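*Asks:* What follows is model-v1.pdb, PDB, C-alpha atoms and all ligand atoms.
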ATOM      1  CA  MET A   1     117.615 113.710  83.400
ATOM      2  CA  VAL A   2     116.065 110.437  82.227
ATOM      3  CA  LYS A   3     112.648 109.901  80.678
ATOM      4  CA  LEU A   4     110.377 107.786  82.845
ATOM      5  CA  LYS A   5     106.877 106.573  82.165
ATOM      6  CA  ILE A   6     104.086 106.986  84.665
ATOM      7  CA  GLU A   7     102.849 103.474  85.252
ATOM      8  CA  SER A   8     100.077 104.310  87.694
ATOM      9  CA  ILE A   9      98.681 107.090  89.875
ATOM     10  CA  GLU A  10      96.734 106.064  92.970
ATOM     11  CA  PRO A  11      94.768 108.514  95.073
ATOM     12  CA  VAL A  12      95.956 108.384  98.689
ATOM     13  CA  THR A  13      94.029 111.245 100.293
ATOM     14  CA  GLU A  14      91.945 114.069  98.886
ATOM     15  CA  ARG A  15      95.123 115.982  97.916
ATOM     16  CA  ILE A  16      97.825 113.323  97.734
ATOM     17  CA  SER A  17      98.465 110.793  94.974
ATOM     18  CA  LEU A  18     101.051 108.034  94.742
ATOM     19  CA  PHE A  19     102.905 108.007  91.415
ATOM     20  CA  SER A  20     104.679 104.845  90.219
ATOM     21  CA  LEU A  21     107.299 105.401  87.515
ATOM     22  CA  VAL A  22     109.103 102.902  85.316
ATOM     23  CA  SER A  23     111.729 103.208  82.589
ATOM     24  CA  GLU A  24     110.394 103.646  79.071
ATOM     25  CA  ASP A  25     112.113 100.470  77.862
ATOM     26  CA  GLY A  26     111.187  98.340  80.871
ATOM     27  CA  GLY A  27     114.818  98.274  82.127
ATOM     28  CA  LEU A  28     115.922  98.737  85.718
ATOM     29  CA  LEU A  29     116.271 102.163  87.336
ATOM     30  CA  ALA A  30     119.290 103.346  89.331
ATOM     31  CA  GLY A  31     119.270 102.258  92.973
ATOM     32  CA  TYR A  32     119.382 104.651  95.917
ATOM     33  CA  ASP A  33     119.568 104.735  99.701
ATOM     34  CA  ALA A  34     116.657 105.551 102.009
ATOM     35  CA  GLY A  35     116.068 109.322 102.141
ATOM     36  CA  ALA A  36     116.882 109.933  98.452
ATOM     37  CA  HIS A  37     114.785 112.142  96.202
ATOM     38  CA  VAL A  38     114.437 112.821  92.484
ATOM     39  CA  ASP A  39     113.801 116.127  90.717
ATOM     40  CA  PHE A  40     111.024 116.312  88.140
ATOM     41  CA  ASP A  41     111.634 118.712  85.256
ATOM     42  CA  LEU A  42     108.413 120.670  84.792
ATOM     43  CA  GLY A  43     109.623 122.879  81.954
ATOM     44  CA  ASP A  44     108.825 126.543  82.502
ATOM     45  CA  LEU A  45     107.703 125.765  86.041
ATOM     46  CA  GLY A  46     111.226 124.632  86.981
ATOM     47  CA  THR A  47     111.888 121.460  88.929
ATOM     48  CA  ARG A  48     110.128 119.861  91.862
ATOM     49  CA  SER A  49     111.797 117.420  94.268
ATOM     50  CA  TYR A  50     109.977 114.393  95.630
ATOM     51  CA  SER A  51     111.332 111.779  98.030
ATOM     52  CA  LEU A  52     111.439 108.186  96.854
ATOM     53  CA  ILE A  53     109.270 105.936  98.987
ATOM     54  CA  ASP A  54     110.128 102.356  99.846
ATOM     55  CA  PHE A  55     107.374 100.507 101.615
ATOM     56  CA  GLU A  56     109.263  97.246 101.136
ATOM     57  CA  PRO A  57     112.958  96.625 101.830
ATOM     58  CA  ALA A  58     114.952  97.123  98.629
ATOM     59  CA  GLN A  59     118.578  97.452  97.629
ATOM     60  CA  GLY A  60     120.295  97.946  94.311
ATOM     61  CA  ASP A  61     118.550  98.802  91.056
ATOM     62  CA  ARG A  62     114.752  99.118  91.112
ATOM     63  CA  ALA A  63     111.975  98.265  88.693
ATOM     64  CA  THR A  64     109.864 101.192  89.917
ATOM     65  CA  TYR A  65     110.211 104.539  91.661
ATOM     66  CA  GLN A  66     107.365 105.736  93.842
ATOM     67  CA  VAL A  67     106.728 109.309  94.950
ATOM     68  CA  ALA A  68     103.770 110.902  96.695
ATOM     69  CA  VAL A  69     102.680 114.308  95.432
ATOM     70  CA  GLN A  70     100.476 116.660  97.413
ATOM     71  CA  ARG A  71      98.433 119.161  95.433
ATOM     72  CA  GLU A  72      99.441 122.562  96.815
ATOM     73  CA  ALA A  73      97.867 125.914  96.274
ATOM     74  CA  ASP A  74     101.340 127.106  95.237
ATOM     75  CA  GLY A  75     101.689 130.212  93.163
ATOM     76  CA  GLN A  76     103.824 128.553  90.504
ATOM     77  CA  GLY A  77     101.611 125.489  90.119
ATOM     78  CA  GLY A  78     104.277 122.769  90.076
ATOM     79  CA  SER A  79     102.256 120.310  92.129
ATOM     80  CA  MET A  80      99.159 121.099  90.028
ATOM     81  CA  ALA A  81     101.167 120.259  86.900
ATOM     82  CA  MET A  82     102.142 116.955  88.497
ATOM     83  CA  HIS A  83      98.491 116.232  89.260
ATOM     84  CA  ARG A  84      97.542 116.841  85.617
ATOM     85  CA  LEU A  85      99.767 113.951  84.507
ATOM     86  CA  VAL A  86      98.073 110.668  83.636
ATOM     87  CA  PRO A  87      99.317 107.078  83.411
ATOM     88  CA  GLY A  88     101.264 106.572  80.182
ATOM     89  CA  ASP A  89     102.714 110.114  80.195
ATOM     90  CA  THR A  90     106.470 110.458  80.222
ATOM     91  CA  VAL A  91     108.368 112.819  82.486
ATOM     92  CA  SER A  92     111.989 113.923  82.775
ATOM     93  CA  VAL A  93     113.415 112.935  86.115
ATOM     94  CA  SER A  94     116.905 113.387  87.596
ATOM     95  CA  PRO A  95     118.881 110.440  88.917
ATOM     96  CA  PRO A  96     118.272 109.888  92.659
ATOM     97  CA  LYS A  97     120.116 112.314  94.959
ATOM     98  CA  ASN A  98     120.461 112.021  98.693
ATOM     99  CA  ASP A  99     121.008 114.766 101.271
ATOM    100  CA  PHE A 100     119.182 112.933 104.079
ATOM    101  CA  HIS A 101     120.952 109.761 105.250
ATOM    102  CA  LEU A 102     120.190 107.172 107.873
ATOM    103  CA  HIS A 103     123.108 106.602 110.297
ATOM    104  CA  GLU A 104     125.128 103.443 109.808
ATOM    105  CA  GLY A 105     125.439 102.199 113.408
ATOM    106  CA  ASP A 106     122.914 100.254 115.465
ATOM    107  CA  GLU A 107     121.962 103.188 117.710
ATOM    108  CA  PRO A 108     118.191 103.735 117.870
ATOM    109  CA  ALA A 109     116.385 106.076 115.478
ATOM    110  CA  LEU A 110     113.594 108.434 116.476
ATOM    111  CA  LEU A 111     111.700 109.134 113.243
ATOM    112  CA  ILE A 112     109.372 112.155 113.270
ATOM    113  CA  ALA A 113     107.238 113.147 110.281
ATOM    114  CA  GLY A 114     104.675 115.841 109.643
ATOM    115  CA  GLY A 115     102.158 115.658 106.780
ATOM    116  CA  ILE A 116     103.551 114.782 103.359
ATOM    117  CA  GLY A 117     107.038 114.968 104.922
ATOM    118  CA  VAL A 118     106.385 111.355 105.862
ATOM    119  CA  THR A 119     107.699 110.103 102.509
ATOM    120  CA  PRO A 120     111.453 109.841 103.287
ATOM    121  CA  ILE A 121     110.619 108.794 106.842
ATOM    122  CA  ILE A 122     108.685 105.775 105.493
ATOM    123  CA  SER A 123     111.851 104.722 103.648
ATOM    124  CA  PHE A 124     113.882 105.165 106.848
ATOM    125  CA  ALA A 125     111.403 103.050 108.819
ATOM    126  CA  THR A 126     111.538 100.342 106.146
ATOM    127  CA  GLU A 127     115.341 100.410 106.199
ATOM    128  CA  CYS A 128     115.514 100.344 110.015
ATOM    129  CA  LYS A 129     113.232  97.309 109.979
ATOM    130  CA  ARG A 130     115.384  95.599 107.349
ATOM    131  CA  ARG A 131     118.613  96.274 109.258
ATOM    132  CA  GLY A 132     117.179  95.488 112.685
ATOM    133  CA  THR A 133     117.888  99.048 113.928
ATOM    134  CA  PRO A 134     115.613  99.915 116.866
ATOM    135  CA  PHE A 135     113.271 102.717 115.852
ATOM    136  CA  ALA A 136     110.175 104.643 116.870
ATOM    137  CA  PHE A 137     108.121 106.230 114.098
ATOM    138  CA  HIS A 138     105.902 109.201 115.024
ATOM    139  CA  PHE A 139     103.722 110.668 112.308
ATOM    140  CA  ALA A 140     101.598 113.794 112.790
ATOM    141  CA  SER A 141      98.726 114.691 110.436
ATOM    142  CA  ARG A 142      95.898 117.183 110.706
ATOM    143  CA  SER A 143      93.293 114.421 111.053
ATOM    144  CA  ALA A 144      92.817 110.708 110.431
ATOM    145  CA  ASP A 145      91.186 111.454 107.053
ATOM    146  CA  LEU A 146      94.123 113.554 105.906
ATOM    147  CA  CYS A 147      96.725 111.029 107.062
ATOM    148  CA  PRO A 148      98.359 109.462 103.995
ATOM    149  CA  PHE A 149      99.052 105.703 103.985
ATOM    150  CA  ARG A 150      97.438 105.311 107.392
ATOM    151  CA  GLU A 151      96.388 101.669 107.039
ATOM    152  CA  ARG A 152      99.471 100.587 105.160
ATOM    153  CA  LEU A 153     101.766 102.147 107.756
ATOM    154  CA  ALA A 154      99.794 100.595 110.609
ATOM    155  CA  GLN A 155     100.150  97.166 108.994
ATOM    156  CA  GLN A 156     103.851  97.473 108.320
ATOM    157  CA  PHE A 157     105.108  99.284 111.374
ATOM    158  CA  SER A 158     102.421  98.576 113.954
ATOM    159  CA  ALA A 159     104.744  97.980 116.910
ATOM    160  CA  ASN A 160     106.921 101.003 116.147
ATOM    161  CA  LEU A 161     104.346 103.468 114.836
ATOM    162  CA  THR A 162     102.427 106.189 116.649
ATOM    163  CA  LEU A 163      99.994 108.280 114.609
ATOM    164  CA  TRP A 164      99.152 111.730 115.943
ATOM    165  CA  PHE A 165      96.129 113.632 114.683
ATOM    166  CA  ASP A 166      96.099 117.368 115.415
ATOM    167  CA  ASP A 167      92.312 117.378 115.802
ATOM    168  CA  GLN A 168      92.626 114.799 118.600
ATOM    169  CA  LYS A 169      96.028 115.211 120.225
ATOM    170  CA  MET A 170      99.004 117.246 119.048
ATOM    171  CA  ILE A 171     102.326 115.457 118.767
ATOM    172  CA  ASP A 172     104.315 115.910 121.994
ATOM    173  CA  LEU A 173     107.790 116.562 120.604
ATOM    174  CA  ALA A 174     109.285 117.510 123.960
ATOM    175  CA  ALA A 175     108.212 114.224 125.542
ATOM    176  CA  LEU A 176     109.483 112.163 122.596
ATOM    177  CA  ILE A 177     112.881 113.840 122.633
ATOM    178  CA  ASP A 178     113.240 113.992 126.417
ATOM    179  CA  THR A 179     112.618 110.254 126.735
ATOM    180  CA  ALA A 180     114.945 109.211 123.887
ATOM    181  CA  SER A 181     118.224 107.603 124.980
ATOM    182  CA  ALA A 182     121.356 109.749 124.620
ATOM    183  CA  ASP A 183     122.663 107.691 121.665
ATOM    184  CA  THR A 184     119.456 108.102 119.609
ATOM    185  CA  HIS A 185     119.634 109.639 116.152
ATOM    186  CA  ILE A 186     116.672 111.946 115.605
ATOM    187  CA  TYR A 187     115.224 112.418 112.107
ATOM    188  CA  CYS A 188     112.524 114.882 111.163
ATOM    189  CA  CYS A 189     110.860 115.743 107.870
ATOM    190  CA  GLY A 190     107.902 118.062 107.815
ATOM    191  CA  PRO A 191     106.976 121.707 107.787
ATOM    192  CA  ARG A 192     109.373 124.375 109.014
ATOM    193  CA  PRO A 193     107.795 124.924 112.495
ATOM    194  CA  MET A 194     108.052 121.201 113.231
ATOM    195  CA  ILE A 195     111.716 121.052 112.206
ATOM    196  CA  GLU A 196     112.534 124.156 114.199
ATOM    197  CA  ALA A 197     110.788 122.731 117.267
ATOM    198  CA  VAL A 198     112.615 119.397 116.944
ATOM    199  CA  ARG A 199     115.991 121.117 116.553
ATOM    200  CA  GLU A 200     115.342 123.405 119.495
ATOM    201  CA  LYS A 201     114.139 120.636 121.801
ATOM    202  CA  ALA A 202     116.931 118.257 120.775
ATOM    203  CA  GLU A 203     119.519 120.944 121.447
ATOM    204  CA  ALA A 204     117.931 121.736 124.830
ATOM    205  CA  ALA A 205     117.965 118.021 125.698
ATOM    206  CA  GLY A 206     121.703 117.878 124.943
ATOM    207  CA  PHE A 207     121.691 115.946 121.654
ATOM    208  CA  PRO A 208     124.753 116.800 119.565
ATOM    209  CA  ALA A 209     123.985 118.344 116.177
ATOM    210  CA  ASP A 210     125.357 115.301 114.328
ATOM    211  CA  GLN A 211     122.599 113.165 115.859
ATOM    212  CA  VAL A 212     119.808 115.454 114.660
ATOM    213  CA  HIS A 213     118.904 115.162 110.977
ATOM    214  CA  PHE A 214     116.186 116.955 109.121
ATOM    215  CA  GLU A 215     114.769 117.718 105.714
ATOM    216  CA  LEU A 216     112.434 120.600 105.131
ATOM    217  CA  PHE A 217     109.312 119.742 103.249
ATOM    218  CA  ALA A 218     108.530 122.959 101.455
ATOM    219  CA  THR A 219     109.795 124.891  98.524
ATOM    220  CA  PRO A 220     110.788 128.392  99.493
ATOM    221  CA  THR A 221     108.036 130.770  98.646
ATOM    222  CA  GLU A 222     107.797 134.469  98.410
ATOM    223  CA  GLN A 223     106.510 136.069 101.590
ATOM    224  CA  ASP A 224     104.135 138.992 101.740
ATOM    225  CA  GLY A 225     106.064 142.198 102.021
ATOM    226  CA  ASP A 226     109.306 140.896 100.459
ATOM    227  CA  GLN A 227     111.344 143.840  99.209
ATOM    228  CA  PRO A 228     114.122 144.028  96.628
ATOM    229  CA  PHE A 229     117.629 144.427  98.015
ATOM    230  CA  GLU A 230     121.178 144.582  96.693
ATOM    231  CA  VAL A 231     123.980 142.083  97.000
ATOM    232  CA  GLU A 232     127.562 143.209  96.563
ATOM    233  CA  LEU A 233     130.246 140.601  95.906
ATOM    234  CA  ALA A 234     133.268 141.462  98.035
ATOM    235  CA  SER A 235     135.730 139.914  95.571
ATOM    236  CA  THR A 236     134.738 141.985  92.559
ATOM    237  CA  GLY A 237     132.566 144.799  93.854
ATOM    238  CA  GLN A 238     129.765 143.753  91.463
ATOM    239  CA  VAL A 239     126.292 144.657  92.713
ATOM    240  CA  PHE A 240     123.133 142.694  91.914
ATOM    241  CA  ASN A 241     119.515 143.537  92.536
ATOM    242  CA  ILE A 242     117.553 140.686  94.170
ATOM    243  CA  PRO A 243     113.851 141.180  93.421
ATOM    244  CA  PRO A 244     111.015 139.557  95.416
ATOM    245  CA  GLY A 245     110.414 136.000  94.187
ATOM    246  CA  LYS A 246     114.066 135.384  93.243
ATOM    247  CA  SER A 247     116.811 134.066  95.492
ATOM    248  CA  ILE A 248     120.376 135.349  95.676
ATOM    249  CA  VAL A 249     121.524 132.029  94.182
ATOM    250  CA  GLU A 250     119.137 132.390  91.229
ATOM    251  CA  VAL A 251     120.202 135.950  90.468
ATOM    252  CA  LEU A 252     123.918 135.127  90.699
ATOM    253  CA  GLU A 253     123.518 132.005  88.576
ATOM    254  CA  ASP A 254     121.594 133.951  85.936
ATOM    255  CA  ALA A 255     124.553 136.363  85.839
ATOM    256  CA  GLY A 256     126.969 133.473  85.248
ATOM    257  CA  ILE A 257     128.484 133.563  88.770
ATOM    258  CA  ASP A 258     129.456 130.133  90.008
ATOM    259  CA  VAL A 259     127.820 129.504  93.406
ATOM    260  CA  MET A 260     127.686 126.284  95.394
ATOM    261  CA  TYR A 261     124.248 125.077  96.382
ATOM    262  CA  ASP A 262     122.242 121.889  96.510
ATOM    263  CA  CYS A 263     118.839 121.634  98.207
ATOM    264  CA  ALA A 264     117.724 125.203  97.353
ATOM    265  CA  ARG A 265     115.310 124.886 100.314
ATOM    266  CA  GLY A 266     117.511 126.054 103.169
ATOM    267  CA  ASP A 267     118.091 122.703 104.821
ATOM    268  CA  CYS A 268     121.446 121.314 103.616
ATOM    269  CA  GLY A 269     123.891 124.105 104.454
ATOM    270  CA  ILE A 270     125.872 123.847 101.184
ATOM    271  CA  CYS A 271     125.241 127.448 100.099
ATOM    272  CA  GLN A 272     126.264 128.963 103.434
ATOM    273  CA  THR A 273     128.041 132.261 102.824
ATOM    274  CA  ASP A 274     129.858 134.726 105.087
ATOM    275  CA  VAL A 275     128.193 138.105 105.436
ATOM    276  CA  ILE A 276     130.631 141.016 105.543
ATOM    277  CA  SER A 277     128.039 143.738 106.084
ATOM    278  CA  GLY A 278     124.296 144.165 106.059
ATOM    279  CA  THR A 279     121.589 142.283 107.940
ATOM    280  CA  PRO A 280     120.336 138.928 106.666
ATOM    281  CA  ASP A 281     116.693 137.868 106.895
ATOM    282  CA  HIS A 282     117.207 134.170 107.702
ATOM    283  CA  ARG A 283     114.748 131.685 106.173
ATOM    284  CA  ASP A 284     116.704 128.462 106.477
ATOM    285  CA  VAL A 285     116.508 125.659 109.030
ATOM    286  CA  VAL A 286     120.272 125.079 109.127
ATOM    287  CA  LEU A 287     121.652 127.832 111.334
ATOM    288  CA  SER A 288     121.543 127.779 115.120
ATOM    289  CA  ASP A 289     119.903 130.636 116.978
ATOM    290  CA  SER A 290     123.305 132.059 117.873
ATOM    291  CA  GLU A 291     124.512 131.907 114.258
ATOM    292  CA  ARG A 292     121.370 133.704 113.135
ATOM    293  CA  ALA A 293     121.742 136.345 115.788
ATOM    294  CA  SER A 294     125.386 136.933 114.832
ATOM    295  CA  GLY A 295     124.310 137.849 111.263
ATOM    296  CA  LYS A 296     127.745 136.710 110.068
ATOM    297  CA  VAL A 297     126.595 133.799 107.864
ATOM    298  CA  MET A 298     123.516 133.055 105.778
ATOM    299  CA  GLN A 299     122.067 130.476 103.372
ATOM    300  CA  ILE A 300     121.853 132.333 100.091
ATOM    301  CA  CYS A 301     119.410 129.878  98.477
ATOM    302  CA  VAL A 302     116.498 131.117 100.622
ATOM    303  CA  SER A 303     117.486 133.926 102.971
ATOM    304  CA  ARG A 304     117.032 137.555 102.062
ATOM    305  CA  ALA A 305     118.006 140.915 103.606
ATOM    306  CA  ARG A 306     116.577 143.271 106.179
ATOM    307  CA  SER A 307     119.035 145.979 105.096
ATOM    308  CA  PRO A 308     119.075 147.594 101.631
ATOM    309  CA  ARG A 309     122.422 145.928 100.780
ATOM    310  CA  LEU A 310     124.359 142.832 101.817
ATOM    311  CA  VAL A 311     128.074 142.538 101.132
ATOM    312  CA  LEU A 312     128.871 138.843 100.799
ATOM    313  CA  ASP A 313     132.189 137.028 100.884
ATOM    314  CA  ILE A 314     131.874 135.780  97.317
TER     315      ILE A 314
HETATM  316  S1  LIG B   1     121.454 124.982  99.034
HETATM  317 FE1  LIG B   1     120.878 123.847 100.774
HETATM  318  S2  LIG B   1     120.760 125.367 102.320
HETATM  319 FE2  LIG B   1     121.094 126.482 100.506
END
Is it possible to express this structure as structure tokens?
Ligand code: FES
*Replies:*
Amino acid sequence: MVKLKIESIEPVTERISLFSLVSEDGGLLAGYDAGAHVDFDLGDLGTRSYSLIDFEPAQGDRATYQVAVQREADGQGGSMAMHRLVPGDTVSVSPPKNDFHLHEGDEPALLIAGGIGVTPIISFATECKRRGTPFAFHFASRSADLCPFRERLAQQFSANLTLWFDDQKMIDLAALIDTASADTHIYCCGPRPMIEAVREKAEAAGFPADQVHFELFATPTEQDGDQPFEVELASTGQVFNIPPGKSIVEVLEDAGIDVMYDCARGDCGICQTDVISGTPDHRDVVLSDSERASGKVMQICVSRARSPRLVLDI
């Protein structure tokens, strides 16, 4: 973690603000590729990840990081804590990390964003423009008023940008995907239903999985009716109780068990674990429908159980 100073906070919409961060000593910050994010350390509230936004082409070290933060009515209040910060405050921020990469070739990119999930997609659009990669940028918001960066995006990406407002016309994902050329790389960041729809339609249209890229914009939250369940580790026979509000990864980590994970949102696939017995309750966006139905693997950072006990190959 490094300490960064909040240089400015600009309101973007009623609920979204743009934070600009600089180093405390005025030095340069580590560079990153489009799609990267940083984690903010919010003390007792844990960490929150925000994608780094590049409106202008940039490479190498940066003078400033910019992130957009939407105030959520989340139970744990992380986004509220972010919105209580003021210019001049310092925050602990991780170095940039990237699980969401733009392809290297010159094949076209179909960029699809929903709501605040637009932030990494803006950086992809900026990078496509810089490289000369053909791209189409489709951005769906609830309404024109709730659409962040509307004018700025229209100025910068006018020829490539289509804005969709749910109160006027819903984004037509099937048409976008069906008319994309077979070599197109499809990128989506937004809420879970949008990502699931894009994955489903891309698969139905014959796009191979390695041309479909996505990042879920949501932190996993407890769902009404979540029940405790047990996890047994096949290697040792140890049994752990997973209460509502805690993930399998969190419980195992707290117990000092070494588990591999990264995004902790169910979209990277790193924590995928074989299920030896029991029935998973899948909450990721990584697995295909057939993998889910098989019940043989699960993402232990978000998914839970429908059976009282899961035996995992750990
Ligand atoms: S850590 Fe990314 S899917 Fe679980």
*Asks:* Going by the chain IDs and residue numbers used in this file, which residues fall under the PyMOL selection byres (((chain A and resi 44) around 12) and not hetatm)? Write them as an mmCIF file with C-alpha atoms, in the frame of the given file.
*Replies:*
data_model
loop_
_atom_site.group_PDB
_atom_site.id
_atom_site.type_symbol
_atom_site.label_atom_id
_atom_site.label_comp_id
_atom_site.auth_asym_id
_atom_site.auth_seq_id
_atom_site.Cartn_x
_atom_site.Cartn_y
_atom_site.Cartn_z
ATOM 1 C CA PHE A 40 111.024 116.312 88.140
ATOM 2 C CA ASP A 41 111.634 118.712 85.256
ATOM 3 C CA LEU A 42 108.413 120.670 84.792
ATOM 4 C CA GLY A 43 109.623 122.879 81.954
ATOM 5 C CA LEU A 45 107.703 125.765 86.041
ATOM 6 C CA GLY A 46 111.226 124.632 86.981
ATOM 7 C CA THR A 47 111.888 121.460 88.929
ATOM 8 C CA ARG A 48 110.128 119.861 91.862
ATOM 9 C CA GLN A 76 103.824 128.553 90.504
ATOM 10 C CA GLY A 77 101.611 125.489 90.119
ATOM 11 C CA GLY A 78 104.277 122.769 90.076
ATOM 12 C CA ALA A 81 101.167 120.259 86.900
#
*Asks:* When you draw a straight line from CA of Arg199 (chain A) to CA of Cys301 (chain A), how long is it in Å?
*Replies:*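 About the pair CA of Arg199 (chain A) and CA of Cys301 (chain A): they are 20.4 Å apart.
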*Asks:* Using all atoms listed in the file, determine which residues fall within 7 Å of ligand LIG 1 (chain B), then list them as a list of chain:residue names.
*Replies:*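 Based on all atoms listed in the file, ligand LIG 1 (chain B) is surrounded within 7 Å by A:Tyr261, A:Asp262, A:Cys263, A:Ala264, A:Arg265, A:Gly266, A:Asp267, A:Cys268, A:Gly269, A:Ile270, A:Cys271, A:Gln272, A:Asp284, A:Val286, A:Gln299, A:Ile300, A:Cys301, A:Val302.
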*Asks:* Which residue out of A:Ile16, A:Ala205, A:Val311, A:Ala30 has the minimum interatomic distance to Thr236 (chain A) when only C-alpha atoms are used?
*Replies:*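 Looking only at the distances to Thr236 (chain A), the closest residue turns out to be A:Val311.
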*Asks:* With the PyMOL selection byres (((chain A and resi 120) around 7) and not hetatm) as the selection, what would be picked from this file? Answer as a list in words, please.
*Replies:*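 Here the PyMOL selection byres (((chain A and resi 120) around 7) and not hetatm) matches Ala34, Gly35, Ser51, Leu52, Ile53, Gly117, Val118, Thr119, Ile121, Ile122, Ser123 and Phe124 of chain A.
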*Asks:* On this file, the PyMOL selection byres (((chain A and resi 21) around 10) and not hetatm) gives some set of residues; write that set as a PyMOL selection string.
*Replies:* chain A and resi 3-9+18-20+22-24+29+63-67+87-91+93
*Asks:* Between A:Gln211, A:Ser49, A:Ser79, A:Ser290, which is the closest to Leu110 (chain A) once you count only C-alpha atoms?
*Replies:*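 Closest to Leu110 (chain A) of all the choices is A:Gln211.
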*Asks:* What is the CA of Ala144 (chain A)-CA of Gly132 (chain A) distance in Å, reported with one decimal?
*Replies:*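 Pair CA of Ala144 (chain A) / CA of Gly132 (chain A) returns 28.8 Å.
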*Asks:* Select, from A:Glu253, A:Asp167, A:Glu215, A:Glu107, the residue with the minimum atom-to-atom distance to Glu196 (chain A), counting all atoms listed in the file.
*Replies:*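 When distances to Glu196 (chain A) are compared using all atoms listed in the file, the smallest one comes from A:Glu215.
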*Asks:* My list of candidates is A:His37, A:Lys97, A:His185, A:Lys169. Which is closest to Ser143 (chain A) when distances are computed with only C-alpha atoms?
*Replies:*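 Of all the options, A:Lys169 lies closest to Ser143 (chain A).
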*Asks:* Compare A:Arg292, A:Ala109, A:Phe165, A:Val231 by their minimum atom-to-atom distance to Val212 (chain A), counting all atoms listed in the file, and give me the closest one.
*Replies:*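 Of all the options, A:Ala109 lies closest to Val212 (chain A).
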*Asks:* How far is it from CA of Ser181 (chain A) to CA of Pro193 (chain A), in Å with one decimal?
*Replies:*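 Taking CA of Ser181 (chain A) as the start and CA of Pro193 (chain A) as the end point, the length is 23.8 Å.
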